[in-house]
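Have a look at the structure below before the remarks.
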Amino acid sequence: MRTYKKAAALLLALATGAFSLQAQAEKIGVIDVQAVFQQLPQAAAIESGINAEFKDRIEEIQRLQTDIKYYVDKQQRENTTMGEKEKQELEGKLRSLSAEYQEKAKPLETEIRRRKAEEQNRLLGMIKQSVDKIGKDEKYDIILQNTAVVFLGDETDNLSQKVVDAVSKMK
C-alpha cells in the first residue's frame, strides 16, 4: 500500500510538471525521425556504400552458397547411383564447404551490421545537429519526436521536412 501511495505521488508530480511545462512552452515542434531517416539520400548511400565495401566477401559467401546448393542437389539426384566411396567424398565436400561457409558468413554478417550501425549513428548525429539548429534559428522551446505526440494541431510545427532538407545538404 505504501508503494502505491509513492507511485501515485510520483505520477501526480510528473503530471503537474508536464502541465506546467506545457503552460510555459510557447513554441513546440515535432519531428518524425524514422521518416526523416528514410527520406535522406545519405541513408540509401549507406546501404550501397557498405555493399561496395564488402563486395568481394559477399560474393565469396554467395559462391559458397551456390556450391553447397549444387552438391546437395547432386547428392539428392545421384544418391541411388553413387558408390559408397563417392557418397563419402561428396559428404566430406559438403561438410568442408559448410564449415567454410559458417567460418566466413557469421563474421561478415557481424561486421556489416557493425558498419551499418556506425553509419546510421553518424547520420542520426547529423539529424540531431539539424534539429538543434532549426530549433535555435526558429526559436522553438521544445522539439519532440512524433511518437511522443498524441495530437498536432498545426502541421507547420512538424519539422520533419525541414530536417530532411537541412541534412540532405550536409556531407
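Each chain in the C-alpha cells gets a letter, A, B, ..., in the order shown, and its residues are numbered from 1; ligands are numbered from 1 in order too.
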
> Mind checking DSSP for range 27-171 of chain A and telling me the strand (DSSP E or B) residues as a count of residues only?
Replying inline: 9

Contact table range 96-121 of chain A vs range 64-77 of chain A, cut-off 8 Å, shortest pair per residue, only C-alpha atoms, as a Markdown table:
| residue | atom | partner | partner_atom | distance |
| --- | --- | --- | --- | --- |
| A:Leu97 | CA | A:Ile68 | CA | 6.5 |
| A:Ser98 | CA | A:Ile68 | CA | 7.1 |
| A:Tyr101 | CA | A:Leu64 | CA | 6.3 |

Could you write those residues out with C-alpha atoms, as a PDB file, in the first residue's frame?
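Contents of result.pdb, freshly written:
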ATOM      1  CA  LEU A  97      32.027 -26.238 -47.646  1.00  0.00           C
ATOM      2  CA  SER A  98      29.514 -25.833 -44.829  1.00  0.00           C
ATOM      3  CA  TYR A 101      30.597 -21.008 -45.029  1.00  0.00           C
TER       4      TYR A 101
END

Apply DSSP to the backbone of this structure and, from range 4-161 of chain A, keep only the residues in helix (DSSP H, G or I); write these as an mmCIF file with N, CA and C atoms, in the first residue's frame.
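After the write, states.cif holds the following:
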data_model
loop_
_atom_site.group_PDB
_atom_site.id
_atom_site.type_symbol
_atom_site.label_atom_id
_atom_site.label_comp_id
_atom_site.auth_asym_id
_atom_site.auth_seq_id
_atom_site.Cartn_x
_atom_site.Cartn_y
_atom_site.Cartn_z
ATOM 1 N N TYR A 4 2.206 1.974 -3.369
ATOM 2 C CA TYR A 4 1.129 2.506 -4.210
ATOM 3 C C TYR A 4 0.997 4.009 -4.008
ATOM 4 N N LYS A 5 1.067 4.455 -2.754
ATOM 5 C CA LYS A 5 0.973 5.890 -2.448
ATOM 6 C C LYS A 5 2.164 6.640 -3.038
ATOM 7 N N LYS A 6 3.349 6.039 -2.946
ATOM 8 C CA LYS A 6 4.541 6.669 -3.524
ATOM 9 C C LYS A 6 4.412 6.784 -5.037
ATOM 10 N N ALA A 7 3.909 5.732 -5.663
ATOM 11 C CA ALA A 7 3.736 5.742 -7.114
ATOM 12 C C ALA A 7 2.705 6.783 -7.524
ATOM 13 N N ALA A 8 1.631 6.881 -6.783
ATOM 14 C CA ALA A 8 0.592 7.875 -7.078
ATOM 15 C C ALA A 8 1.147 9.286 -6.908
ATOM 16 N N ALA A 9 1.928 9.512 -5.857
ATOM 17 C CA ALA A 9 2.520 10.830 -5.621
ATOM 18 C C ALA A 9 3.495 11.179 -6.745
ATOM 19 N N LEU A 10 4.277 10.209 -7.179
ATOM 20 C CA LEU A 10 5.221 10.431 -8.265
ATOM 21 C C LEU A 10 4.489 10.739 -9.568
ATOM 22 N N LEU A 11 3.429 10.007 -9.840
ATOM 23 C CA LEU A 11 2.628 10.237 -11.037
ATOM 24 C C LEU A 11 2.013 11.628 -11.014
ATOM 25 N N LEU A 12 1.511 12.036 -9.865
ATOM 26 C CA LEU A 12 0.922 13.369 -9.718
ATOM 27 C C LEU A 12 1.987 14.449 -9.935
ATOM 28 N N ALA A 13 3.171 14.224 -9.383
ATOM 29 C CA ALA A 13 4.255 15.199 -9.547
ATOM 30 C C ALA A 13 4.668 15.306 -11.019
ATOM 31 N N LEU A 14 4.771 14.158 -11.694
ATOM 32 C CA LEU A 14 5.138 14.175 -13.107
ATOM 33 C C LEU A 14 4.064 14.853 -13.952
ATOM 34 N N ALA A 15 2.822 14.558 -13.675
ATOM 35 C CA ALA A 15 1.728 15.167 -14.420
ATOM 36 C C ALA A 15 1.704 16.671 -14.205
ATOM 37 N N THR A 16 1.880 17.107 -12.981
ATOM 38 C CA THR A 16 1.907 18.538 -12.678
ATOM 39 C C THR A 16 3.075 19.203 -13.400
ATOM 40 N N GLY A 17 4.220 18.537 -13.384
ATOM 41 C CA GLY A 17 5.390 19.078 -14.081
ATOM 42 C C GLY A 17 5.158 19.175 -15.572
ATOM 43 N N ALA A 18 4.503 18.180 -16.148
ATOM 44 C CA ALA A 18 4.223 18.194 -17.585
ATOM 45 C C ALA A 18 3.268 19.320 -17.934
ATOM 46 N N PHE A 19 2.242 19.530 -17.098
ATOM 47 C CA PHE A 19 1.290 20.606 -17.371
ATOM 48 C C PHE A 19 1.951 21.972 -17.226
ATOM 49 N N SER A 20 2.810 22.125 -16.214
ATOM 50 C CA SER A 20 3.472 23.417 -16.053
ATOM 51 C C SER A 20 4.463 23.645 -17.185
ATOM 52 N N LEU A 21 5.085 22.585 -17.678
ATOM 53 C CA LEU A 21 5.986 22.699 -18.820
ATOM 54 C C LEU A 21 5.212 23.124 -20.056
ATOM 55 N N GLN A 22 4.039 22.547 -20.227
ATOM 56 C CA GLN A 22 3.218 22.893 -21.380
ATOM 57 C C GLN A 22 2.755 24.338 -21.277
ATOM 58 N N ALA A 23 2.421 24.780 -20.095
ATOM 59 C CA ALA A 23 1.955 26.148 -19.916
ATOM 60 C C ALA A 23 3.079 27.143 -20.195
ATOM 61 N N GLN A 24 4.318 26.772 -19.887
ATOM 62 C CA GLN A 24 5.443 27.669 -20.090
ATOM 63 C C GLN A 24 5.925 27.660 -21.535
ATOM 64 N N VAL A 33 11.574 11.097 -36.769
ATOM 65 C CA VAL A 33 12.967 10.732 -37.051
ATOM 66 C C VAL A 33 13.047 9.588 -38.048
ATOM 67 N N GLN A 34 12.168 8.592 -37.926
ATOM 68 C CA GLN A 34 12.206 7.459 -38.855
ATOM 69 C C GLN A 34 11.924 7.910 -40.282
ATOM 70 N N ALA A 35 10.906 8.758 -40.443
ATOM 71 C CA ALA A 35 10.567 9.240 -41.788
ATOM 72 C C ALA A 35 11.703 10.080 -42.350
ATOM 73 N N VAL A 36 12.297 10.908 -41.509
ATOM 74 C CA VAL A 36 13.436 11.723 -41.948
ATOM 75 C C VAL A 36 14.560 10.808 -42.415
ATOM 76 N N PHE A 37 14.879 9.814 -41.606
ATOM 77 C CA PHE A 37 15.972 8.893 -41.929
ATOM 78 C C PHE A 37 15.730 8.195 -43.262
ATOM 79 N N GLN A 38 14.494 7.758 -43.487
ATOM 80 C CA GLN A 38 14.175 7.030 -44.719
ATOM 81 C C GLN A 38 14.208 7.920 -45.951
ATOM 82 N N GLN A 39 13.947 9.209 -45.784
ATOM 83 C CA GLN A 39 13.906 10.122 -46.920
ATOM 84 C C GLN A 39 15.280 10.672 -47.302
ATOM 85 N N PRO A 41 18.918 11.031 -48.725
ATOM 86 C CA PRO A 41 19.720 10.354 -49.745
ATOM 87 C C PRO A 41 20.938 9.642 -49.136
ATOM 88 N N GLN A 42 21.426 10.172 -48.018
ATOM 89 C CA GLN A 42 22.573 9.541 -47.359
ATOM 90 C C GLN A 42 22.224 8.150 -46.830
ATOM 91 N N ALA A 43 20.954 7.925 -46.466
ATOM 92 C CA ALA A 43 20.549 6.605 -45.958
ATOM 93 C C ALA A 43 20.663 5.548 -47.051
ATOM 94 N N ALA A 44 20.266 5.903 -48.268
ATOM 95 C CA ALA A 44 20.405 4.958 -49.384
ATOM 96 C C ALA A 44 21.879 4.744 -49.710
ATOM 97 N N ALA A 45 22.658 5.796 -49.561
ATOM 98 C CA ALA A 45 24.092 5.692 -49.842
ATOM 99 C C ALA A 45 24.795 4.786 -48.840
ATOM 100 N N ILE A 46 24.280 4.718 -47.625
ATOM 101 C CA ILE A 46 24.868 3.835 -46.609
ATOM 102 C C ILE A 46 24.821 2.394 -47.100
ATOM 103 N N GLU A 47 23.651 1.966 -47.545
ATOM 104 C CA GLU A 47 23.466 0.581 -47.996
ATOM 105 C C GLU A 47 24.380 0.256 -49.174
ATOM 106 N N SER A 48 24.384 1.125 -50.172
ATOM 107 C CA SER A 48 25.207 0.850 -51.352
ATOM 108 C C SER A 48 26.691 0.948 -51.027
ATOM 109 N N GLY A 49 27.052 1.879 -50.151
ATOM 110 C CA GLY A 49 28.458 2.013 -49.758
ATOM 111 C C GLY A 49 28.966 0.794 -49.012
ATOM 112 N N ILE A 50 28.144 0.269 -48.129
ATOM 113 C CA ILE A 50 28.534 -0.915 -47.363
ATOM 114 C C ILE A 50 28.605 -2.131 -48.280
ATOM 115 N N ASN A 51 27.637 -2.237 -49.204
ATOM 116 C CA ASN A 51 27.694 -3.345 -50.164
ATOM 117 C C ASN A 51 28.955 -3.272 -51.009
ATOM 118 N N ALA A 52 29.353 -2.081 -51.403
ATOM 119 C CA ALA A 52 30.583 -1.925 -52.190
ATOM 120 C C ALA A 52 31.813 -2.260 -51.339
ATOM 121 N N GLU A 53 31.780 -1.850 -50.090
ATOM 122 C CA GLU A 53 32.907 -2.082 -49.185
ATOM 123 C C GLU A 53 33.165 -3.576 -48.959
ATOM 124 N N LYS A 55 31.954 -6.056 -50.983
ATOM 125 C CA LYS A 55 31.547 -6.737 -52.218
ATOM 126 C C LYS A 55 32.248 -8.079 -52.413
ATOM 127 N N ASP A 56 33.566 -8.090 -52.299
ATOM 128 C CA ASP A 56 34.326 -9.321 -52.551
ATOM 129 C C ASP A 56 33.950 -10.431 -51.573
ATOM 130 N N ARG A 57 33.820 -10.076 -50.309
ATOM 131 C CA ARG A 57 33.488 -11.083 -49.301
ATOM 132 C C ARG A 57 32.048 -11.573 -49.468
ATOM 133 N N ILE A 58 31.148 -10.673 -49.841
ATOM 134 C CA ILE A 58 29.750 -11.067 -50.080
ATOM 135 C C ILE A 58 29.685 -12.031 -51.260
ATOM 136 N N GLU A 59 30.441 -11.728 -52.315
ATOM 137 C CA GLU A 59 30.457 -12.615 -53.487
ATOM 138 C C GLU A 59 31.029 -13.978 -53.134
ATOM 139 N N GLU A 60 32.032 -14.012 -52.273
ATOM 140 C CA GLU A 60 32.613 -15.288 -51.860
ATOM 141 C C GLU A 60 31.595 -16.120 -51.084
ATOM 142 N N ILE A 61 30.842 -15.474 -50.210
ATOM 143 C CA ILE A 61 29.794 -16.170 -49.452
ATOM 144 C C ILE A 61 28.719 -16.687 -50.407
ATOM 145 N N GLN A 62 28.341 -15.878 -51.379
ATOM 146 C CA GLN A 62 27.337 -16.306 -52.358
ATOM 147 C C GLN A 62 27.844 -17.483 -53.183
ATOM 148 N N ARG A 63 29.128 -17.463 -53.518
ATOM 149 C CA ARG A 63 29.724 -18.581 -54.265
ATOM 150 C C ARG A 63 29.671 -19.855 -53.424
ATOM 151 N N LEU A 64 29.980 -19.728 -52.150
ATOM 152 C CA LEU A 64 29.910 -20.895 -51.258
ATOM 153 C C LEU A 64 28.478 -21.429 -51.171
ATOM 154 N N GLN A 65 27.510 -20.527 -51.076
ATOM 155 C CA GLN A 65 26.108 -20.950 -51.033
ATOM 156 C C GLN A 65 25.732 -21.697 -52.309
ATOM 157 N N THR A 66 26.175 -21.189 -53.447
ATOM 158 C CA THR A 66 25.883 -21.834 -54.731
ATOM 159 C C THR A 66 26.517 -23.225 -54.793
ATOM 160 N N ASP A 67 27.769 -23.314 -54.347
ATOM 161 C CA ASP A 67 28.454 -24.604 -54.344
ATOM 162 C C ASP A 67 27.751 -25.607 -53.431
ATOM 163 N N ILE A 68 27.368 -25.157 -52.259
ATOM 164 C CA ILE A 68 26.684 -26.047 -51.313
ATOM 165 C C ILE A 68 25.374 -26.536 -51.919
ATOM 166 N N LYS A 69 24.623 -25.619 -52.506
ATOM 167 C CA LYS A 69 23.349 -25.996 -53.130
ATOM 168 C C LYS A 69 23.584 -26.998 -54.258
ATOM 169 N N TYR A 70 24.622 -26.765 -55.066
ATOM 170 C CA TYR A 70 24.924 -27.671 -56.170
ATOM 171 C C TYR A 70 25.205 -29.081 -55.648
ATOM 172 N N TYR A 71 26.053 -29.177 -54.615
ATOM 173 C CA TYR A 71 26.422 -30.501 -54.106
ATOM 174 C C TYR A 71 25.262 -31.181 -53.372
ATOM 175 N N VAL A 72 24.409 -30.419 -52.721
ATOM 176 C CA VAL A 72 23.231 -31.006 -52.074
ATOM 177 C C VAL A 72 22.285 -31.556 -53.140
ATOM 178 N N ASP A 73 22.071 -30.764 -54.191
ATOM 179 C CA ASP A 73 21.218 -31.224 -55.295
ATOM 180 C C ASP A 73 21.807 -32.476 -55.953
ATOM 181 N N LYS A 74 23.117 -32.454 -56.156
ATOM 182 C CA LYS A 74 23.788 -33.606 -56.765
ATOM 183 C C LYS A 74 23.622 -34.840 -55.874
ATOM 184 N N GLN A 75 23.767 -34.651 -54.586
ATOM 185 C CA GLN A 75 23.620 -35.764 -53.648
ATOM 186 C C GLN A 75 22.202 -36.341 -53.725
ATOM 187 N N GLN A 76 21.215 -35.487 -53.806
ATOM 188 C CA GLN A 76 19.830 -35.954 -53.881
ATOM 189 C C GLN A 76 19.541 -36.640 -55.217
ATOM 190 N N ARG A 77 20.061 -36.084 -56.301
ATOM 191 C CA ARG A 77 19.810 -36.640 -57.633
ATOM 192 C C ARG A 77 20.487 -37.991 -57.827
ATOM 193 N N GLU A 78 21.751 -38.050 -57.429
ATOM 194 C CA GLU A 78 22.558 -39.223 -57.779
ATOM 195 C C GLU A 78 22.805 -40.164 -56.605
ATOM 196 N N GLU A 84 29.626 -46.162 -52.614
ATOM 197 C CA GLU A 84 29.845 -45.743 -51.221
ATOM 198 C C GLU A 84 30.992 -44.734 -51.123
ATOM 199 N N LYS A 85 32.032 -44.924 -51.885
ATOM 200 C CA LYS A 85 33.190 -44.026 -51.853
ATOM 201 C C LYS A 85 32.800 -42.640 -52.358
ATOM 202 N N GLU A 86 32.030 -42.579 -53.426
ATOM 203 C CA GLU A 86 31.571 -41.293 -53.972
ATOM 204 C C GLU A 86 30.678 -40.560 -52.974
ATOM 205 N N LYS A 87 29.808 -41.317 -52.295
ATOM 206 C CA LYS A 87 28.934 -40.714 -51.284
ATOM 207 C C LYS A 87 29.758 -40.081 -50.157
ATOM 208 N N GLN A 88 30.758 -40.800 -49.709
ATOM 209 C CA GLN A 88 31.610 -40.294 -48.618
ATOM 210 C C GLN A 88 32.385 -39.053 -49.069
ATOM 211 N N GLU A 89 32.898 -39.075 -50.305
ATOM 212 C CA GLU A 89 33.626 -37.909 -50.821
ATOM 213 C C GLU A 89 32.702 -36.694 -50.909
ATOM 214 N N LEU A 90 31.494 -36.924 -51.382
ATOM 215 C CA LEU A 90 30.517 -35.843 -51.517
ATOM 216 C C LEU A 90 30.111 -35.292 -50.151
ATOM 217 N N GLU A 91 29.880 -36.178 -49.195
ATOM 218 C CA GLU A 91 29.548 -35.735 -47.843
ATOM 219 C C GLU A 91 30.699 -34.959 -47.217
ATOM 220 N N GLY A 92 31.921 -35.405 -47.446
ATOM 221 C CA GLY A 92 33.101 -34.683 -46.942
ATOM 222 C C GLY A 92 33.208 -33.306 -47.576
ATOM 223 N N LYS A 93 32.950 -33.233 -48.869
ATOM 224 C CA LYS A 93 32.976 -31.953 -49.584
ATOM 225 C C LYS A 93 31.914 -31.008 -49.011
ATOM 226 N N LEU A 94 30.713 -31.548 -48.790
ATOM 227 C CA LEU A 94 29.640 -30.733 -48.217
ATOM 228 C C LEU A 94 29.987 -30.244 -46.803
ATOM 229 N N ARG A 95 30.570 -31.112 -45.997
ATOM 230 C CA ARG A 95 30.963 -30.719 -44.640
ATOM 231 C C ARG A 95 32.005 -29.613 -44.669
ATOM 232 N N SER A 96 32.992 -29.759 -45.538
ATOM 233 C CA SER A 96 34.047 -28.741 -45.590
ATOM 234 C C SER A 96 33.511 -27.408 -46.122
ATOM 235 N N LEU A 97 32.628 -27.472 -47.131
ATOM 236 C CA LEU A 97 32.027 -26.238 -47.646
ATOM 237 C C LEU A 97 31.140 -25.569 -46.590
ATOM 238 N N SER A 98 30.380 -26.378 -45.881
ATOM 239 C CA SER A 98 29.514 -25.833 -44.829
ATOM 240 C C SER A 98 30.335 -25.196 -43.710
ATOM 241 N N ALA A 99 31.411 -25.853 -43.339
ATOM 242 C CA ALA A 99 32.286 -25.307 -42.295
ATOM 243 C C ALA A 99 32.908 -23.992 -42.756
ATOM 244 N N GLU A 100 33.366 -23.966 -43.992
ATOM 245 C CA GLU A 100 33.948 -22.737 -44.541
ATOM 246 C C GLU A 100 32.908 -21.624 -44.589
ATOM 247 N N TYR A 101 31.683 -21.987 -44.975
ATOM 248 C CA TYR A 101 30.597 -21.008 -45.029
ATOM 249 C C TYR A 101 30.342 -20.431 -43.632
ATOM 250 N N GLN A 102 30.208 -21.297 -42.644
ATOM 251 C CA GLN A 102 29.960 -20.837 -41.268
ATOM 252 C C GLN A 102 31.106 -19.953 -40.780
ATOM 253 N N GLU A 103 32.310 -20.344 -41.111
ATOM 254 C CA GLU A 103 33.504 -19.624 -40.678
ATOM 255 C C GLU A 103 33.567 -18.215 -41.267
ATOM 256 N N LYS A 104 33.047 -18.038 -42.466
ATOM 257 C CA LYS A 104 33.143 -16.744 -43.147
ATOM 258 C C LYS A 104 31.868 -15.912 -43.063
ATOM 259 N N ALA A 105 30.718 -16.570 -43.059
ATOM 260 C CA ALA A 105 29.445 -15.839 -43.133
ATOM 261 C C ALA A 105 29.128 -15.090 -41.840
ATOM 262 N N LYS A 106 29.287 -15.736 -40.725
ATOM 263 C CA LYS A 106 28.907 -15.110 -39.454
ATOM 264 C C LYS A 106 29.758 -13.867 -39.148
ATOM 265 N N PRO A 107 31.091 -13.937 -39.269
ATOM 266 C CA PRO A 107 31.883 -12.723 -39.031
ATOM 267 C C PRO A 107 31.559 -11.602 -40.026
ATOM 268 N N LEU A 108 31.290 -11.967 -41.261
ATOM 269 C CA LEU A 108 30.939 -10.957 -42.260
ATOM 270 C C LEU A 108 29.630 -10.278 -41.887
ATOM 271 N N GLU A 109 28.652 -11.072 -41.510
ATOM 272 C CA GLU A 109 27.353 -10.529 -41.106
ATOM 273 C C GLU A 109 27.513 -9.580 -39.916
ATOM 274 N N THR A 110 28.319 -9.974 -38.947
ATOM 275 C CA THR A 110 28.568 -9.142 -37.773
ATOM 276 C C THR A 110 29.253 -7.837 -38.164
ATOM 277 N N GLU A 111 30.231 -7.926 -39.029
ATOM 278 C CA GLU A 111 30.964 -6.732 -39.455
ATOM 279 C C GLU A 111 30.077 -5.787 -40.266
ATOM 280 N N ILE A 112 29.238 -6.333 -41.117
ATOM 281 C CA ILE A 112 28.314 -5.498 -41.902
ATOM 282 C C ILE A 112 27.337 -4.794 -40.962
ATOM 283 N N ARG A 113 26.814 -5.528 -39.987
ATOM 284 C CA ARG A 113 25.892 -4.921 -39.009
ATOM 285 C C ARG A 113 26.575 -3.789 -38.237
ATOM 286 N N ARG A 114 27.823 -4.014 -37.846
ATOM 287 C CA ARG A 114 28.581 -3.004 -37.099
ATOM 288 C C ARG A 114 28.794 -1.754 -37.943
ATOM 289 N N ARG A 115 29.182 -1.951 -39.198
ATOM 290 C CA ARG A 115 29.412 -0.808 -40.093
ATOM 291 C C ARG A 115 28.126 -0.037 -40.371
ATOM 292 N N LYS A 116 27.008 -0.761 -40.550
ATOM 293 C CA LYS A 116 25.721 -0.084 -40.749
ATOM 294 C C LYS A 116 25.370 0.757 -39.536
ATOM 295 N N ALA A 117 25.579 0.196 -38.361
ATOM 296 C CA ALA A 117 25.276 0.928 -37.124
ATOM 297 C C ALA A 117 26.142 2.181 -37.021
ATOM 298 N N GLU A 118 27.421 2.074 -37.372
ATOM 299 C CA GLU A 118 28.310 3.243 -37.349
ATOM 300 C C GLU A 118 27.793 4.337 -38.270
ATOM 301 N N GLU A 119 27.452 3.944 -39.484
ATOM 302 C CA GLU A 119 26.982 4.923 -40.468
ATOM 303 C C GLU A 119 25.632 5.508 -40.078
ATOM 304 N N GLN A 120 24.738 4.679 -39.547
ATOM 305 C CA GLN A 120 23.434 5.178 -39.121
ATOM 306 C C GLN A 120 23.579 6.129 -37.940
ATOM 307 N N ASN A 121 24.485 5.822 -37.019
ATOM 308 C CA ASN A 121 24.729 6.716 -35.887
ATOM 309 C C ASN A 121 25.301 8.048 -36.354
ATOM 310 N N ARG A 122 26.171 8.013 -37.355
ATOM 311 C CA ARG A 122 26.711 9.245 -37.914
ATOM 312 C C ARG A 122 25.587 10.083 -38.517
ATOM 313 N N LEU A 123 24.685 9.421 -39.232
ATOM 314 C CA LEU A 123 23.565 10.112 -39.855
ATOM 315 C C LEU A 123 22.590 10.644 -38.803
ATOM 316 N N LEU A 124 22.356 9.874 -37.757
ATOM 317 C CA LEU A 124 21.499 10.351 -36.671
ATOM 318 C C LEU A 124 22.114 11.567 -35.975
ATOM 319 N N GLY A 125 23.432 11.606 -35.879
ATOM 320 C CA GLY A 125 24.119 12.774 -35.340
ATOM 321 C C GLY A 125 23.871 14.006 -36.205
ATOM 322 N N MET A 126 23.882 13.809 -37.518
ATOM 323 C CA MET A 126 23.599 14.919 -38.439
ATOM 324 C C MET A 126 22.146 15.384 -38.284
ATOM 325 N N ILE A 127 21.234 14.430 -38.091
ATOM 326 C CA ILE A 127 19.825 14.782 -37.878
ATOM 327 C C ILE A 127 19.697 15.594 -36.593
ATOM 328 N N LYS A 128 20.339 15.136 -35.538
ATOM 329 C CA LYS A 128 20.294 15.848 -34.248
ATOM 330 C C LYS A 128 20.857 17.251 -34.397
ATOM 331 N N GLN A 129 21.964 17.376 -35.112
ATOM 332 C CA GLN A 129 22.586 18.683 -35.330
ATOM 333 C C GLN A 129 21.618 19.612 -36.076
ATOM 334 N N SER A 130 20.931 19.089 -37.078
ATOM 335 C CA SER A 130 19.972 19.893 -37.842
ATOM 336 C C SER A 130 18.767 20.287 -36.994
ATOM 337 N N VAL A 131 18.278 19.360 -36.187
ATOM 338 C CA VAL A 131 17.147 19.667 -35.302
ATOM 339 C C VAL A 131 17.539 20.782 -34.331
ATOM 340 N N ASP A 132 18.735 20.682 -33.760
ATOM 341 C CA ASP A 132 19.207 21.718 -32.840
ATOM 342 C C ASP A 132 19.283 23.081 -33.533
ATOM 343 N N LYS A 133 19.818 23.096 -34.729
ATOM 344 C CA LYS A 133 19.976 24.354 -35.467
ATOM 345 C C LYS A 133 18.609 24.948 -35.822
ATOM 346 N N ILE A 134 17.692 24.106 -36.321
ATOM 347 C CA ILE A 134 16.349 24.584 -36.676
ATOM 348 C C ILE A 134 15.633 25.082 -35.425
ATOM 349 N N GLY A 135 15.745 24.348 -34.341
ATOM 350 C CA GLY A 135 15.113 24.753 -33.086
ATOM 351 C C GLY A 135 15.622 26.094 -32.602
ATOM 352 N N LYS A 136 16.918 26.285 -32.712
ATOM 353 C CA LYS A 136 17.528 27.549 -32.271
ATOM 354 C C LYS A 136 17.157 28.690 -33.222
ATOM 355 N N ASP A 137 17.291 28.452 -34.526
ATOM 356 C CA ASP A 137 17.012 29.504 -35.521
ATOM 357 C C ASP A 137 15.552 29.942 -35.498
ATOM 358 N N ASN A 146 7.683 12.483 -32.928
ATOM 359 C CA ASN A 146 6.246 12.322 -33.198
ATOM 360 C C ASN A 146 5.617 11.195 -32.387
ATOM 361 N N THR A 147 6.397 10.224 -31.956
ATOM 362 C CA THR A 147 5.848 9.126 -31.167
ATOM 363 C C THR A 147 5.421 9.584 -29.778
ATOM 364 N N ALA A 148 5.929 10.740 -29.333
ATOM 365 C CA ALA A 148 5.569 11.262 -28.020
ATOM 366 C C ALA A 148 4.390 12.227 -28.101
ATOM 367 N N GLU A 155 0.178 21.753 -38.493
ATOM 368 C CA GLU A 155 1.155 20.946 -39.238
ATOM 369 C C GLU A 155 2.443 21.728 -39.519
ATOM 370 N N THR A 156 2.411 23.049 -39.383
ATOM 371 C CA THR A 156 3.638 23.838 -39.601
ATOM 372 C C THR A 156 4.668 23.566 -38.512
ATOM 373 N N ASP A 157 4.237 22.998 -37.397
ATOM 374 C CA ASP A 157 5.180 22.659 -36.334
ATOM 375 C C ASP A 157 5.816 21.287 -36.539
ATOM 376 N N SER A 160 9.837 17.793 -39.778
ATOM 377 C CA SER A 160 10.483 16.668 -40.463
ATOM 378 C C SER A 160 11.048 17.072 -41.821
ATOM 379 N N GLN A 161 10.265 17.736 -42.651
ATOM 380 C CA GLN A 161 10.741 18.091 -43.991
ATOM 381 C C GLN A 161 11.885 19.098 -43.930
#

Selection near range 138-143 of chain A, 7 Å with only C-alpha atoms, sequence-local residues under 2 positions removed, as a short mmCIF file (atom, residue, chain, number, x, y, z; two decimals) with N, CA and C atoms, in the first residue's frame:
data_model
loop_
_atom_site.label_atom_id
_atom_site.label_comp_id
_atom_site.auth_asym_id
_atom_site.auth_seq_id
_atom_site.Cartn_x
_atom_site.Cartn_y
_atom_site.Cartn_z
N ALA A 25 5.79 26.55 -22.21
CA ALA A 25 6.30 26.42 -23.56
C ALA A 25 5.45 27.24 -24.52
N GLU A 26 6.11 28.04 -25.32
CA GLU A 26 5.40 28.87 -26.26
C GLU A 26 5.35 28.24 -27.65
N LYS A 27 6.43 27.56 -28.02
CA LYS A 27 6.50 27.01 -29.37
C LYS A 27 7.03 25.58 -29.29
N ILE A 28 6.21 24.62 -29.76
CA ILE A 28 6.57 23.21 -29.70
C ILE A 28 6.61 22.66 -31.12
N GLY A 29 7.68 22.00 -31.45
CA GLY A 29 7.83 21.38 -32.76
C GLY A 29 7.84 19.86 -32.64
N VAL A 30 7.59 19.21 -33.76
CA VAL A 30 7.54 17.75 -33.81
C VAL A 30 8.38 17.27 -34.99
N ILE A 134 17.69 24.11 -36.32
CA ILE A 134 16.35 24.58 -36.68
C ILE A 134 15.63 25.08 -35.43
N GLY A 135 15.74 24.35 -34.34
CA GLY A 135 15.11 24.75 -33.09
C GLY A 135 15.62 26.09 -32.60
N LYS A 136 16.92 26.28 -32.71
CA LYS A 136 17.53 27.55 -32.27
C LYS A 136 17.16 28.69 -33.22
N GLN A 145 9.78 14.03 -30.52
CA GLN A 145 9.59 13.02 -31.56
C GLN A 145 8.09 12.79 -31.72
#

> What separation in Å, quoted to one decimal, exists between CA of Leu144 in chain A and CA of Ile31 in chain A?
Replying inline: 6.3 Å
